[in-house]
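Q: So that we are looking at the same thing, I have put the structure below in structure tokens.
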Amino acid sequence: MLLLIALISTGIWYKVSRETMKSSKEINNYKLITLLSAGTLLAIPLTISLFHNLPFH
């Protein structure tokens, strides 16, 4: 499950980086905000899972 989330999140962040490389006239703000929101929401469970698996001694 986490692998699938990680792959989708990576794809979304790739699309964000491609969108931000466009000139300011070509950037679709609605698309950019949607991609940023989706990428952030998918990164949250990955981050939580990472911290749950770290040993704190």
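Please note that chains go A, B, ... in the order of the structure tokens, that every chain numbers its residues from 1, and that ligands are numbered from 1 in the order shown.
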Mind checking which residues fall within 8 Å of segment 45-47 of chain A, counting only C-alpha atoms, ignoring those fewer than 5 positions away in the same chain, and posting them as a VMD selection string?

A: chain A and resid 2 5 to 6

Q: For those residues, write all heavy atoms to a file as a compact mmCIF listing (two decimals), in the first residue's frame.

A:
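And here's part_17.txt as it stands now:
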# COMPACT_ATOMS: atom_id res chain seq x y z
N LEU A 2 1.88 1.27 0.88
CA LEU A 2 2.75 2.45 0.94
C LEU A 2 3.56 2.62 -0.34
O LEU A 2 3.85 3.75 -0.75
CB LEU A 2 3.67 2.38 2.15
CG LEU A 2 3.02 2.65 3.50
CD1 LEU A 2 4.03 2.47 4.62
CD2 LEU A 2 2.43 4.04 3.55
N ILE A 5 1.34 4.40 -2.79
CA ILE A 5 1.24 5.82 -2.43
C ILE A 5 2.53 6.55 -2.79
O ILE A 5 2.50 7.67 -3.31
CB ILE A 5 0.91 5.98 -0.93
CG1 ILE A 5 -0.49 5.45 -0.64
CG2 ILE A 5 1.03 7.43 -0.50
CD1 ILE A 5 -0.84 5.41 0.83
N ALA A 6 3.66 5.91 -2.55
CA ALA A 6 4.95 6.53 -2.86
C ALA A 6 5.11 6.75 -4.37
O ALA A 6 5.59 7.80 -4.80
CB ALA A 6 6.09 5.67 -2.33

Q: Residues within 9 Å of Trp13 of chain A, please, as a list in words. Count only C-alpha atoms; anything in the same chain fewer than 4 positions from it doesn't count.

A: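 So the residues in contact are Ile8, Ser9, Ser17, Arg18, Leu35, Leu36 and Gly39 of chain A.
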
Q: Work out how far atom CA of Ile44 of chain A is from atom CA of Leu7 of chain A, in Å to one decimal.

A: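 One can read the atom CA of Leu7 of chain A to atom CA of Ile44 of chain A distance as 13.9 Å.
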
Q: In Å to one decimal, how far is atom CA of Tyr30 of chain A from atom CA of Lys15 of chain A?

A: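 One can read the atom CA of Lys15 of chain A to atom CA of Tyr30 of chain A distance as 13.4 Å.
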
Q: Could you pull out the alpha helix (DSSP H) residues of chain A, going by DSSP on the backbone, and write them as a PyMOL selection string?

A: chain A and resi 2-20+29-53

Q: Could you tell me how far atom CA of Leu50 of chain A lies from atom CA of Ala38 of chain A, in Å and to one decimal?

A: 18.9 Å

Q: With only C-alpha atoms as the basis for distance, which of A:Thr40, A:Ser23, A:Ser49, A:Thr34 is at the shortest distance from Thr10 of chain A?

A: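 Selected residue with least distance to Thr10 of chain A: A:Thr40.
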
Q: Using only C-alpha atoms, which of the listed residues (A:Leu42, A:Ser24, A:Phe56, A:Leu32) sits closest to Leu3 of chain A?

A: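 Selected residue with least distance to Leu3 of chain A: A:Leu42.
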